[in-house]
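Trainee: Sharing run-v2.csv below, CSV, C-alpha atoms and all ligand atoms:
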chain,number,residue,atom,x,y,z
A,1,MET,CA,-7.0,27.4,-0.4
A,2,LYS,CA,-4.3,25.7,1.5
A,3,PHE,CA,-4.8,22.0,1.3
A,4,GLU,CA,-2.1,19.7,2.7
A,5,ILE,CA,-2.0,16.0,1.9
A,6,ASN,CA,-0.3,14.3,4.8
A,7,CYS,CA,-0.7,10.6,4.0
A,8,ARG,CA,-1.5,8.3,1.1
A,9,ASP,CA,-2.7,4.7,1.3
A,10,SER,CA,-0.2,2.4,-0.4
A,11,LYS,CA,-2.9,0.0,-1.7
A,12,SER,CA,-5.5,2.5,-3.0
A,13,LYS,CA,-6.0,6.1,-4.0
A,14,ALA,CA,-7.1,7.1,-0.5
A,15,ARG,CA,-5.4,10.1,1.0
A,16,GLY,CA,-5.6,12.0,4.3
A,17,GLY,CA,-5.0,15.7,4.7
A,18,VAL,CA,-6.3,19.0,6.0
A,19,PHE,CA,-7.7,22.2,4.3
A,20,PHE,CA,-7.9,25.6,5.9
A,21,THR,CA,-10.7,28.1,6.0
A,22,GLU,CA,-11.4,31.3,7.9
A,23,HIS,CA,-13.8,29.3,10.1
A,24,GLY,CA,-11.3,26.6,10.9
A,25,ARG,CA,-9.4,23.7,9.5
A,26,VAL,CA,-11.0,20.5,8.1
A,27,ALA,CA,-9.2,17.2,8.4
A,28,THR,CA,-9.9,15.0,5.4
A,29,PRO,CA,-11.6,12.7,4.5
A,30,ALA,CA,-14.5,14.7,6.1
A,31,PHE,CA,-18.2,14.4,6.3
A,32,PHE,CA,-20.4,17.5,6.4
A,33,PRO,CA,-24.0,17.0,7.8
A,34,VAL,CA,-26.7,18.8,5.8
A,35,ALA,CA,-28.5,21.9,7.2
A,36,THR,CA,-31.1,22.3,4.5
A,37,GLN,CA,-32.9,25.3,6.0
A,38,ALA,CA,-29.9,26.6,7.9
A,39,ALA,CA,-30.5,23.9,10.6
A,40,VAL,CA,-29.5,20.3,11.0
A,41,LYS,CA,-33.0,19.0,11.7
A,42,GLY,CA,-33.4,18.4,15.4
A,43,VAL,CA,-29.8,19.3,16.4
A,44,SER,CA,-28.7,22.6,17.9
A,45,ALA,CA,-25.5,24.5,17.0
A,46,GLN,CA,-24.2,23.7,20.5
A,47,ASP,CA,-24.8,20.0,19.9
A,48,LEU,CA,-23.0,20.2,16.6
A,49,ARG,CA,-20.0,21.8,18.3
A,50,MET,CA,-20.2,19.1,21.0
A,51,ILE,CA,-20.2,16.4,18.3
A,52,ASP,CA,-17.3,18.3,16.8
A,53,VAL,CA,-18.6,18.3,13.2
A,54,SER,CA,-16.1,19.4,10.6
A,55,GLY,CA,-18.6,21.8,8.9
A,56,LEU,CA,-22.0,21.9,7.3
A,57,LEU,CA,-23.6,22.0,3.9
A,58,VAL,CA,-26.5,24.5,3.6
A,59,ASN,CA,-28.9,24.8,0.7
A,60,ALA,CA,-28.8,28.1,-1.0
A,61,TYR,CA,-32.0,27.4,-2.9
A,62,HIS,CA,-34.1,27.0,0.3
A,63,LEU,CA,-32.6,30.1,1.9
A,64,PHE,CA,-33.1,32.2,-1.2
A,65,LEU,CA,-36.8,31.4,-1.0
A,66,ARG,CA,-37.1,31.7,2.8
A,67,PRO,CA,-36.1,33.8,4.7
A,68,GLY,CA,-34.5,35.5,1.8
A,69,VAL,CA,-30.8,36.5,1.3
A,70,GLU,CA,-31.3,40.1,2.6
A,71,ILE,CA,-32.3,38.9,6.1
A,72,ILE,CA,-29.3,36.6,6.4
A,73,LYS,CA,-27.0,39.3,5.1
A,74,GLN,CA,-28.4,41.8,7.6
A,75,ALA,CA,-27.9,39.2,10.4
A,76,GLY,CA,-24.1,39.3,9.5
A,77,GLY,CA,-24.1,36.2,7.3
A,78,LEU,CA,-25.0,32.6,7.7
A,79,HIS,CA,-22.5,31.8,10.4
A,80,LYS,CA,-23.9,34.5,12.7
A,81,PHE,CA,-27.5,33.8,11.7
A,82,MET,CA,-27.1,30.1,12.6
A,83,ASN,CA,-24.7,30.7,15.5
A,84,PHE,CA,-22.3,28.2,13.8
A,85,ASP,CA,-18.7,29.1,13.6
A,86,ARG,CA,-17.2,26.3,11.5
A,87,PRO,CA,-16.8,26.0,7.7
A,88,ILE,CA,-20.0,26.2,5.6
A,89,ILE,CA,-20.4,25.2,2.0
A,90,THR,CA,-23.5,26.3,0.2
A,91,ASP,CA,-24.7,24.4,-2.9
A,92,SER,CA,-25.7,26.3,-6.0
A,93,GLY,CA,-29.3,25.2,-5.8
A,94,GLY,CA,-29.0,23.6,-9.2
A,95,TYR,CA,-29.9,20.2,-7.8
A,96,GLN,CA,-32.9,21.5,-5.9
A,97,VAL,CA,-34.1,23.5,-9.0
A,98,PHE,CA,-33.9,20.3,-11.0
A,99,SER,CA,-35.4,18.0,-8.4
A,100,LEU,CA,-37.7,20.0,-6.3
A,101,ALA,CA,-39.0,23.1,-8.0
A,102,ASN,CA,-41.4,23.1,-10.9
A,103,LEU,CA,-38.7,23.7,-13.5
A,104,ARG,CA,-40.0,25.7,-16.4
A,105,LYS,CA,-37.0,26.2,-18.7
A,106,VAL,CA,-33.3,25.9,-18.7
A,107,SER,CA,-31.3,27.9,-21.2
A,108,ASP,CA,-27.7,29.0,-21.4
A,109,ARG,CA,-28.8,32.2,-19.6
A,110,GLY,CA,-30.1,30.4,-16.5
A,111,VAL,CA,-33.1,28.6,-15.0
A,112,LEU,CA,-36.7,29.6,-14.9
A,113,PHE,CA,-38.7,27.8,-12.2
A,114,ASN,CA,-41.6,28.0,-9.9
A,115,SER,CA,-41.0,27.9,-6.2
A,116,HIS,CA,-42.0,24.6,-4.6
A,117,ILE,CA,-43.5,26.6,-1.7
A,118,ASP,CA,-45.8,29.1,-3.3
A,119,GLY,CA,-45.5,28.6,-7.0
A,120,ALA,CA,-43.9,32.0,-7.5
A,121,GLN,CA,-41.9,32.3,-10.7
A,122,HIS,CA,-38.1,33.0,-10.5
A,123,PHE,CA,-35.4,33.3,-13.1
A,124,LEU,CA,-31.8,32.9,-11.8
A,125,THR,CA,-28.7,33.3,-13.8
A,126,PRO,CA,-25.3,31.8,-12.9
A,127,ALA,CA,-24.4,35.3,-11.7
A,128,ASP,CA,-27.4,35.5,-9.4
A,129,ILE,CA,-26.4,32.1,-7.9
A,130,MET,CA,-22.9,33.5,-7.2
A,131,ASP,CA,-24.4,36.7,-5.6
A,132,ILE,CA,-26.7,34.6,-3.4
A,133,GLN,CA,-23.9,32.5,-2.0
A,134,ILE,CA,-21.5,35.4,-1.6
A,135,ASN,CA,-24.1,37.3,0.3
A,136,LEU,CA,-25.0,34.3,2.5
A,137,GLY,CA,-21.3,34.4,3.5
A,138,ALA,CA,-20.5,30.7,2.8
A,139,ASP,CA,-16.8,29.7,3.0
A,140,ILE,CA,-17.1,27.5,0.0
A,141,ILE,CA,-19.2,28.4,-3.0
A,142,VAL,CA,-20.2,26.2,-6.0
A,143,PRO,CA,-21.4,27.6,-9.3
A,144,LEU,CA,-24.7,26.7,-10.9
A,145,ASP,CA,-24.6,23.4,-12.8
A,146,GLU,CA,-27.0,21.3,-14.7
A,147,CYS,CA,-27.6,17.9,-13.2
A,148,VAL,CA,-29.1,15.1,-15.4
A,149,LYS,CA,-30.3,11.7,-14.6
A,150,ALA,CA,-28.2,8.6,-15.4
A,151,ASN,CA,-30.7,7.5,-18.1
A,152,THR,CA,-30.7,10.8,-20.0
A,153,SER,CA,-29.8,10.6,-23.7
A,154,LYS,CA,-26.2,11.2,-24.7
A,155,GLU,CA,-27.3,14.3,-26.6
A,156,LYS,CA,-28.9,15.9,-23.6
A,157,MET,CA,-26.0,14.8,-21.4
A,158,LYS,CA,-23.6,16.6,-23.7
A,159,ILE,CA,-25.7,19.8,-23.7
A,160,ALA,CA,-25.9,19.8,-19.9
A,161,THR,CA,-22.1,19.2,-19.6
A,162,GLU,CA,-21.3,22.0,-21.9
A,163,ARG,CA,-23.7,24.3,-20.1
A,164,THR,CA,-22.2,23.4,-16.7
A,165,VAL,CA,-18.7,24.4,-18.1
A,166,LYS,CA,-20.0,27.6,-19.6
A,167,TRP,CA,-21.7,28.5,-16.3
A,168,ALA,CA,-18.6,27.7,-14.3
A,169,ARG,CA,-16.5,30.0,-16.5
A,170,VAL,CA,-18.9,32.9,-16.1
A,171,SER,CA,-19.2,32.3,-12.3
A,172,ASN,CA,-15.4,32.1,-12.0
A,173,LYS,CA,-15.0,35.4,-13.6
A,174,ILE,CA,-17.5,37.0,-11.1
A,175,PHE,CA,-15.7,35.2,-8.2
A,176,ASN,CA,-12.3,36.6,-9.4
A,177,CYS,CA,-13.6,40.1,-9.9
A,178,ARG,CA,-15.1,40.3,-6.4
A,179,LYS,CA,-11.6,39.6,-4.9
A,180,LEU,CA,-13.1,37.8,-2.0
A,181,HIS,CA,-10.8,36.9,0.9
A,182,ASN,CA,-10.9,33.5,2.5
A,183,ARG,CA,-13.7,32.4,0.2
A,184,TYR,CA,-13.3,29.4,-2.1
A,185,PHE,CA,-14.7,28.3,-5.5
A,186,TRP,CA,-15.4,24.7,-6.1
A,187,PRO,CA,-17.0,24.0,-9.5
A,188,ILE,CA,-18.9,20.8,-10.2
A,189,ILE,CA,-17.8,18.0,-12.4
A,190,GLN,CA,-20.8,16.9,-14.4
A,191,GLY,CA,-21.0,14.7,-17.5
A,192,GLY,CA,-23.6,12.1,-16.5
A,193,THR,CA,-22.5,8.5,-17.0
A,194,SER,CA,-20.2,9.4,-19.9
A,195,LEU,CA,-16.5,9.1,-19.0
A,196,ASP,CA,-15.7,11.3,-22.0
A,197,TYR,CA,-18.0,14.1,-20.9
A,198,ARG,CA,-16.7,13.9,-17.4
A,199,LYS,CA,-13.1,14.1,-18.6
A,200,TYR,CA,-13.9,17.1,-20.8
A,201,CYS,CA,-15.7,18.8,-17.9
A,202,LEU,CA,-12.9,18.1,-15.4
A,203,ALA,CA,-10.2,19.5,-17.8
A,204,ALA,CA,-12.2,22.6,-18.6
A,205,LEU,CA,-12.8,23.3,-14.8
A,206,GLU,CA,-9.1,22.9,-14.0
A,207,GLU,CA,-8.3,25.7,-16.4
A,208,LEU,CA,-10.2,28.1,-14.1
A,209,ASN,CA,-9.0,29.7,-10.9
A,210,ILE,CA,-10.4,27.0,-8.5
A,211,ASP,CA,-9.8,25.7,-5.0
A,212,GLY,CA,-11.5,22.4,-5.0
A,213,LEU,CA,-13.6,20.1,-7.2
A,214,ALA,CA,-17.1,19.0,-6.5
A,215,ILE,CA,-18.3,15.8,-8.0
A,216,GLY,CA,-22.0,16.1,-8.9
A,217,GLY,CA,-24.6,14.2,-10.9
A,218,LEU,CA,-24.0,10.9,-9.1
A,219,SER,CA,-26.5,9.0,-7.0
A,220,VAL,CA,-29.1,9.9,-9.6
A,221,GLY,CA,-29.7,6.5,-11.0
A,222,GLU,CA,-26.3,5.3,-12.2
A,223,ASN,CA,-25.2,1.8,-11.1
A,224,HIS,CA,-22.3,1.0,-8.8
A,225,LYS,CA,-19.9,0.1,-11.6
A,226,GLN,CA,-20.5,3.3,-13.5
A,227,ARG,CA,-20.0,5.4,-10.3
A,228,GLN,CA,-16.7,3.6,-9.4
A,229,GLU,CA,-15.4,4.1,-13.0
A,230,ILE,CA,-16.1,7.8,-12.8
A,231,LEU,CA,-14.4,8.1,-9.4
A,232,ALA,CA,-11.4,6.1,-10.7
A,233,MET,CA,-11.1,8.4,-13.7
A,234,ILE,CA,-11.2,11.5,-11.5
A,235,ALA,CA,-8.6,10.1,-9.1
A,236,GLN,CA,-6.4,9.4,-12.2
A,237,GLU,CA,-6.9,12.7,-14.1
A,238,ALA,CA,-7.6,15.4,-11.5
A,239,ASN,CA,-4.8,17.5,-10.2
A,240,PRO,CA,-4.2,16.1,-6.7
A,241,LYS,CA,-3.8,19.6,-5.2
A,242,TYR,CA,-7.6,20.1,-5.2
A,243,VAL,CA,-9.9,18.8,-2.5
A,244,ARG,CA,-12.4,16.3,-4.1
A,245,TYR,CA,-15.9,16.7,-2.7
A,246,PHE,CA,-18.5,14.0,-3.6
A,247,MET,CA,-21.8,15.9,-3.3
A,248,GLY,CA,-24.9,14.3,-1.7
A,249,HIS,CA,-23.4,10.9,-1.3
A,250,GLY,CA,-23.2,9.2,2.0
A,251,LYS,CA,-24.1,5.5,2.7
A,252,PRO,CA,-21.3,4.5,5.1
A,253,ASP,CA,-20.0,1.6,3.0
A,254,GLU,CA,-20.0,3.8,-0.1
A,255,ILE,CA,-18.1,6.5,1.7
A,256,VAL,CA,-15.4,4.0,2.6
A,257,GLU,CA,-15.3,2.8,-1.0
A,258,ALA,CA,-15.2,6.4,-2.3
A,259,VAL,CA,-12.3,7.3,0.0
A,260,ALA,CA,-10.4,4.4,-1.5
A,261,CYS,CA,-11.0,6.2,-4.9
A,262,GLY,CA,-9.4,9.4,-3.6
A,263,VAL,CA,-12.5,11.3,-2.4
A,264,ASP,CA,-11.8,13.8,0.4
A,265,MET,CA,-15.2,15.1,1.4
A,266,PHE,CA,-18.8,14.1,1.6
A,267,ASP,CA,-22.2,15.5,2.6
A,268,CYS,CA,-25.5,13.6,2.8
A,269,ILE,CA,-28.9,13.8,4.4
A,270,LEU,CA,-28.9,10.1,5.4
A,271,PRO,CA,-27.8,10.3,9.0
A,272,THR,CA,-30.4,13.0,9.7
A,273,ARG,CA,-33.3,11.7,7.5
A,274,LEU,CA,-33.0,8.1,8.8
A,275,GLY,CA,-32.4,9.2,12.4
A,276,ARG,CA,-35.6,11.2,12.3
A,277,THR,CA,-37.6,8.2,11.2
A,278,GLY,CA,-36.1,5.8,13.6
A,279,THR,CA,-33.1,4.2,12.0
A,280,ALA,CA,-29.6,4.3,13.6
A,281,PHE,CA,-26.3,3.5,12.0
A,282,THR,CA,-23.9,1.1,13.8
A,283,ASP,CA,-20.8,-0.9,12.7
A,284,GLU,CA,-23.1,-3.9,12.5
A,285,GLY,CA,-25.4,-2.2,10.0
A,286,LYS,CA,-28.6,-0.2,10.4
A,287,VAL,CA,-30.8,-0.6,13.5
A,288,VAL,CA,-34.5,0.0,12.7
A,289,ILE,CA,-35.6,0.8,16.2
A,290,ARG,CA,-39.3,0.3,15.5
A,291,ASN,CA,-38.7,-3.4,15.2
A,292,SER,CA,-40.6,-5.3,17.9
A,293,VAL,CA,-37.4,-7.2,18.8
A,294,TYR,CA,-36.2,-4.0,20.6
A,295,ALA,CA,-39.3,-3.7,22.7
A,296,ARG,CA,-37.6,-5.1,25.8
A,297,ASP,CA,-34.0,-4.5,24.7
A,298,PHE,CA,-32.4,-2.5,27.5
A,299,LYS,CA,-29.0,-2.3,25.9
A,300,PRO,CA,-27.6,0.9,24.3
A,301,LEU,CA,-28.4,1.7,20.7
A,302,ASP,CA,-24.8,0.9,19.8
A,303,SER,CA,-22.7,-0.8,22.5
A,304,ASN,CA,-19.5,0.5,20.8
A,305,CYS,CA,-20.6,4.2,20.7
A,306,ASN,CA,-19.7,6.7,23.4
A,307,CYS,CA,-22.2,9.3,22.4
A,308,PRO,CA,-24.5,10.8,25.1
A,309,VAL,CA,-27.5,8.9,23.5
A,310,CYS,CA,-25.8,5.5,23.8
A,311,THR,CA,-24.5,6.3,27.3
A,312,ASN,CA,-27.8,7.4,28.6
A,313,TYR,CA,-30.7,5.7,26.9
A,314,THR,CA,-31.8,2.2,26.0
A,315,ARG,CA,-33.1,0.8,22.7
A,316,ALA,CA,-36.5,0.0,24.4
A,317,TYR,CA,-36.9,3.7,25.4
A,318,LEU,CA,-35.8,5.0,22.0
A,319,ARG,CA,-38.2,2.6,20.3
A,320,HIS,CA,-41.0,3.8,22.5
A,321,LEU,CA,-40.3,7.5,21.7
A,322,ILE,CA,-40.2,6.8,18.0
A,323,ASN,CA,-43.4,4.7,18.1
A,324,VAL,CA,-45.4,7.4,20.0
A,325,LYS,CA,-43.8,10.1,17.7
A,326,GLU,CA,-42.2,12.0,20.6
A,327,MET,CA,-39.8,14.5,18.9
A,328,LEU,CA,-37.1,13.6,21.4
A,329,GLY,CA,-36.8,10.2,19.8
A,330,SER,CA,-36.0,11.8,16.4
A,331,GLN,CA,-33.6,14.2,18.0
A,332,LEU,CA,-31.7,11.5,19.9
A,333,LEU,CA,-31.4,9.1,17.0
A,334,THR,CA,-30.2,12.0,14.7
A,335,TYR,CA,-27.6,13.0,17.4
A,336,HIS,CA,-26.3,9.4,17.5
A,337,ASN,CA,-26.1,9.1,13.7
A,338,ILE,CA,-24.2,12.4,13.2
A,339,TRP,CA,-21.8,11.3,16.1
A,340,TRP,CA,-21.4,7.9,14.5
A,341,TYR,CA,-20.6,9.4,11.0
A,342,ASN,CA,-18.1,11.7,12.6
A,343,GLN,CA,-16.4,8.8,14.3
A,344,LEU,CA,-16.4,6.8,11.1
A,345,MET,CA,-14.5,9.6,9.4
A,346,SER,CA,-12.1,9.9,12.3
A,347,ARG,CA,-11.4,6.2,12.1
A,348,ILE,CA,-10.8,6.4,8.4
A,349,ARG,CA,-8.3,9.3,9.0
A,350,LYS,CA,-6.6,7.3,11.7
A,351,ALA,CA,-6.3,4.3,9.5
A,352,LEU,CA,-4.8,6.4,6.8
A,353,LYS,CA,-2.2,7.9,9.2
A,354,ASN,CA,-1.2,4.4,10.2
A,355,ASN,CA,-1.1,3.2,6.6
A,356,ALA,CA,-3.8,0.7,7.5
A,357,PHE,CA,-6.7,2.0,5.5
A,358,SER,CA,-7.1,-1.0,3.2
A,359,GLU,CA,-7.3,-3.3,6.3
A,360,PHE,CA,-9.9,-1.0,7.9
A,361,LYS,CA,-11.9,-0.9,4.6
A,362,GLY,CA,-11.9,-4.7,4.4
A,363,SER,CA,-13.0,-5.3,7.9
A,364,PHE,CA,-15.5,-2.4,8.0
A,365,LEU,CA,-17.2,-3.5,4.8
A,366,GLU,CA,-17.4,-7.1,5.8
A,367,LYS,CA,-19.0,-6.4,9.1
A,368,TYR,CA,-21.3,-3.6,7.9
A,369,ARG,CA,-22.6,-5.4,4.8
A,370,CYS,CA,-23.0,-8.8,6.4
A,371,SER,CA,-25.2,-7.4,9.0
A,372,GLN,CA,-27.9,-5.8,6.9
A,373,ASN,CA,-30.5,-8.1,8.4
A,374,ASN,CA,-32.5,-5.7,10.4
A,375,GLU,CA,-34.8,-4.1,7.9
A,376,VAL,CA,-38.1,-5.7,8.9
A,377,VAL,CA,-40.3,-3.3,10.7
A,378,ASP,CA,-43.0,-4.5,13.1
A,379,ASP,CA,-45.1,-1.7,14.3
A,380,SER,CA,-46.8,-3.6,17.1
A,401,ZN,ZN,-24.3,6.6,20.0
Go through the file and emit its structure as structure tokens.
Mentor:
Amino acid sequence: MKFEINCRDSKSKARGGVFFTEHGRVATPAFFPVATQAAVKGVSAQDLRMIDVSGLLVNAYHLFLRPGVEIIKQAGGLHKFMNFDRPIITDSGGYQVFSLANLRKVSDRGVLFNSHIDGAQHFLTPADIMDIQINLGADIIVPLDECVKANTSKEKMKIATERTVKWARVSNKIFNCRKLHNRYFWPIIQGGTSLDYRKYCLAALEELNIDGLAIGGLSVGENHKQRQEILAMIAQEANPKYVRYFMGHGKPDEIVEAVACGVDMFDCILPTRLGRTGTAFTDEGKVVIRNSVYARDFKPLDSNCNCPVCTNYTRAYLRHLINVKEMLGSQLLTYHNIWWYNQLMSRIRKALKNNAFSEFKGSFLEKYRCSQNNEVVDDS
């Protein structure tokens, strides 16, 4: 994978660059919205293009269960099936198997689980997980990993880390044998909260034929300090030539902090999940539109935002839509949130280009964190 680093912040580990895929270039740091079931909930592919999203994360686990890989393969792959022509990363399903499915057994051979939809039993090996993602046609593929909670015992953490490395090795062999063109392999750094296991995992993954590094097993109960230490270690130890992708992490202030630790890419359900339920992101913090204070507020959702939602609708109207559960309300708030996240990443990249990232970080965090005063919901 061609990945060019064009600028580095002089006061932090932040870096700006671009990586290239068959479905277009991605300027970094980048944010990929989540299309769990091959759709970003409430937002069409045309809208995503209009917002100019960099790419999408799609969940292999969900598509494996429904509609099934064969249908998507027959449609010509995920991009054609979804009518989305930008880069797509599929996750291994590991996280979903551990969090969503009724997990029966994990062994070095693979995972035995019951579907969360109909209870049907499935057994998937690391090789199956590779086949699923290859057949879906994702640009970026991640091997099966074992994700453990932050409070897991050291012993279990060690077993999961070693298993993740073992599975990455097997998966990499399959990836290499298939000689896939313009497809990229990004294994996942696990190791729980142990810096030693994380280091061991990172070193073992870098011995493989890889194109990027995913950072997994975070946002699963660890505290802020532990997370920062792990990111700092990765920034220090990882070969800078690999894109660093922080999986499933995406509070705006934490994105800015992680960029300062050298992270290049993010995905998260937050902008869509919160948008759907009536919360909008702005530089002044979150706006919980159900609050009664917005009942007669005829200003835009975010006065500094140029998105079609903020240029065409008022807070009072959006509040009404969410309160009466009109689906348009969820769609409009989600649209604004994805737009706002995209703008945030673009502002980060611009600051990096101008060697002004640390100043941007300081002023953004101050404004965003000082304004978290809007959490009270009054449904009246
Ligand atoms: Zn907006």
Trainee: When distances are computed from only C-alpha atoms and all ligand atoms, which of A:Ile140, A:Val293, A:Ile188, A:Ile51 shows the smallest separation from ligand ZN 401 (chain A)?
Mentor: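 Result for the nearest residue to ligand ZN 401 (chain A): A:Ile51.
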Trainee: Set out as JSON lines a contact list for chain A and ligand ZN 401 (chain A) with a cut-off of 12 Å, giving each residue of chain A that qualifies its closest atom pair and distance in Å to one decimal, counting only C-alpha atoms and all ligand atoms, ordered by chain and rising residue number.
Mentor:
{"residue": "A:Ile51", "atom": "CA", "partner": "A:ZN401", "partner_atom": "ZN", "distance": 10.8}
{"residue": "A:Gly275", "atom": "CA", "partner": "A:ZN401", "partner_atom": "ZN", "distance": 11.4}
{"residue": "A:Ala280", "atom": "CA", "partner": "A:ZN401", "partner_atom": "ZN", "distance": 8.6}
{"residue": "A:Phe281", "atom": "CA", "partner": "A:ZN401", "partner_atom": "ZN", "distance": 8.8}
{"residue": "A:Thr282", "atom": "CA", "partner": "A:ZN401", "partner_atom": "ZN", "distance": 8.3}
{"residue": "A:Asp283", "atom": "CA", "partner": "A:ZN401", "partner_atom": "ZN", "distance": 11.0}
{"residue": "A:Val287", "atom": "CA", "partner": "A:ZN401", "partner_atom": "ZN", "distance": 11.7}
{"residue": "A:Lys299", "atom": "CA", "partner": "A:ZN401", "partner_atom": "ZN", "distance": 11.7}
{"residue": "A:Pro300", "atom": "CA", "partner": "A:ZN401", "partner_atom": "ZN", "distance": 7.9}
{"residue": "A:Leu301", "atom": "CA", "partner": "A:ZN401", "partner_atom": "ZN", "distance": 6.4}
{"residue": "A:Asp302", "atom": "CA", "partner": "A:ZN401", "partner_atom": "ZN", "distance": 5.7}
{"residue": "A:Ser303", "atom": "CA", "partner": "A:ZN401", "partner_atom": "ZN", "distance": 8.0}
{"residue": "A:Asn304", "atom": "CA", "partner": "A:ZN401", "partner_atom": "ZN", "distance": 7.8}
{"residue": "A:Cys305", "atom": "CA", "partner": "A:ZN401", "partner_atom": "ZN", "distance": 4.5}
{"residue": "A:Asn306", "atom": "CA", "partner": "A:ZN401", "partner_atom": "ZN", "distance": 5.7}
{"residue": "A:Cys307", "atom": "CA", "partner": "A:ZN401", "partner_atom": "ZN", "distance": 4.2}
{"residue": "A:Pro308", "atom": "CA", "partner": "A:ZN401", "partner_atom": "ZN", "distance": 6.6}
{"residue": "A:Val309", "atom": "CA", "partner": "A:ZN401", "partner_atom": "ZN", "distance": 5.3}
{"residue": "A:Cys310", "atom": "CA", "partner": "A:ZN401", "partner_atom": "ZN", "distance": 4.2}
{"residue": "A:Thr311", "atom": "CA", "partner": "A:ZN401", "partner_atom": "ZN", "distance": 7.3}
{"residue": "A:Asn312", "atom": "CA", "partner": "A:ZN401", "partner_atom": "ZN", "distance": 9.3}
{"residue": "A:Tyr313", "atom": "CA", "partner": "A:ZN401", "partner_atom": "ZN", "distance": 9.5}
{"residue": "A:Thr314", "atom": "CA", "partner": "A:ZN401", "partner_atom": "ZN", "distance": 10.6}
{"residue": "A:Arg315", "atom": "CA", "partner": "A:ZN401", "partner_atom": "ZN", "distance": 10.9}
{"residue": "A:Leu318", "atom": "CA", "partner": "A:ZN401", "partner_atom": "ZN", "distance": 11.8}
{"residue": "A:Leu332", "atom": "CA", "partner": "A:ZN401", "partner_atom": "ZN", "distance": 8.9}
{"residue": "A:Leu333", "atom": "CA", "partner": "A:ZN401", "partner_atom": "ZN", "distance": 8.1}
{"residue": "A:Thr334", "atom": "CA", "partner": "A:ZN401", "partner_atom": "ZN", "distance": 9.6}
{"residue": "A:Tyr335", "atom": "CA", "partner": "A:ZN401", "partner_atom": "ZN", "distance": 7.7}
{"residue": "A:His336", "atom": "CA", "partner": "A:ZN401", "partner_atom": "ZN", "distance": 4.3}
{"residue": "A:Asn337", "atom": "CA", "partner": "A:ZN401", "partner_atom": "ZN", "distance": 7.0}
{"residue": "A:Ile338", "atom": "CA", "partner": "A:ZN401", "partner_atom": "ZN", "distance": 8.9}
{"residue": "A:Trp339", "atom": "CA", "partner": "A:ZN401", "partner_atom": "ZN", "distance": 6.6}
{"residue": "A:Trp340", "atom": "CA", "partner": "A:ZN401", "partner_atom": "ZN", "distance": 6.4}
{"residue": "A:Tyr341", "atom": "CA", "partner": "A:ZN401", "partner_atom": "ZN", "distance": 10.1}
{"residue": "A:Asn342", "atom": "CA", "partner": "A:ZN401", "partner_atom": "ZN", "distance": 10.9}
{"residue": "A:Gln343", "atom": "CA", "partner": "A:ZN401", "partner_atom": "ZN", "distance": 10.0}
{"residue": "A:Leu344", "atom": "CA", "partner": "A:ZN401", "partner_atom": "ZN", "distance": 11.9}
Trainee: A:Ile134, A:Ala120, A:Ile159, A:Val40: which is nearest Leu78 (chain A), counting only C-alpha atoms?
Mentor: A:Ile134
Trainee: Taking (-30.0, 35.7, 0.3) in the file's coordinates, which residues come within 6 Å, counting only C-alpha atoms, written as a ChimeraX atom specification?
Mentor: /A:64,68-70,132,136
Trainee: Could you tell me which of A:Lys11, A:Lys166, A:Arg290, A:Arg86 comes closest to Ala356 (chain A) if we count only C-alpha atoms?
Mentor: A:Lys11
Trainee: Name the residues in contact with Gln37 (chain A) at a cut-off of 7 Å, using all atoms listed in the file, excluding same-chain residues fewer than 3 positions from it; report them as number ranges by chain.
Mentor: A: 58-59, 62-63
Trainee: Go through A:Arg109, A:Lys2, A:Arg273, A:Arg66 and flag the residue nearest Arg25 (chain A), using only C-alpha atoms for the distances.
Mentor: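 Checking each of A:Arg109, A:Lys2, A:Arg273, A:Arg66 against Arg25 (chain A), counting only C-alpha atoms, the winner is A:Lys2.
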Trainee: Any idea what the distance is between CA of Val18 (chain A) and CA of Lys225 (chain A)?
Mentor: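 Separation between CA of Val18 (chain A) and CA of Lys225 (chain A): 29.2 Å.
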Trainee: What is the CA of Asp91 (chain A) to CA of Thr279 (chain A) distance in Å?
Mentor: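 Spanning CA of Asp91 (chain A) to CA of Thr279 (chain A) is a straight-line distance of 26.5 Å.
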Trainee: Go through A:Phe84, A:Asn323, A:Glu229, A:Ser92 one by one, measure the shortest atom-to-atom distance of each to Val43 (chain A) using only C-alpha atoms, and give the residue with the smallest value.
Mentor: A:Phe84
Trainee: Using all atoms listed in the file, which of A:Gly329, A:Gly262, A:Gly217, A:Gly362 sits nearest Pro29 (chain A)?
Mentor: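 Closest candidate: A:Gly262.
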Trainee: I'd like the interatomic distance between CA of Met82 (chain A) and CA of Ala38 (chain A), to a tenth of an Å.
Mentor: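 CA of Ala38 (chain A) lies 6.5 Å from CA of Met82 (chain A).
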Trainee: Quick one: everything within 10 Å of Val170 (chain A), counting only C-alpha atoms, minus sequence neighbours fewer than 2 positions away in the same chain. Send it as a list in words.
Mentor: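 Here the qualifying residues turn out to be Pro126, Ala127, Met130, Pro143, Leu144, Val165, Lys166, Trp167, Ala168, Asn172, Lys173, Ile174 and Phe175 of chain A.
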Trainee: Tell me, as a list in words, which residues lie within 10 Å of Glu4 (chain A), counting all atoms listed in the file; anything in the same chain fewer than 6 positions away does not count.
Mentor: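 Contacts, with the query itself left out: Gly16, Gly17, Val18, Phe19, Phe20, Ala27, Thr28, Lys241, Tyr242 and Val243 of chain A.
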Trainee: Around the point (-38.6, 21.1, -6.5), in the coordinates given by the file, pick out the residues reaching within 10 Å, counting all atoms listed in the file, and return them as JSON, numbers by chain.
Mentor: {"A": [61, 95, 96, 97, 98, 99, 100, 101, 102, 103, 113, 114, 115, 116, 117]}
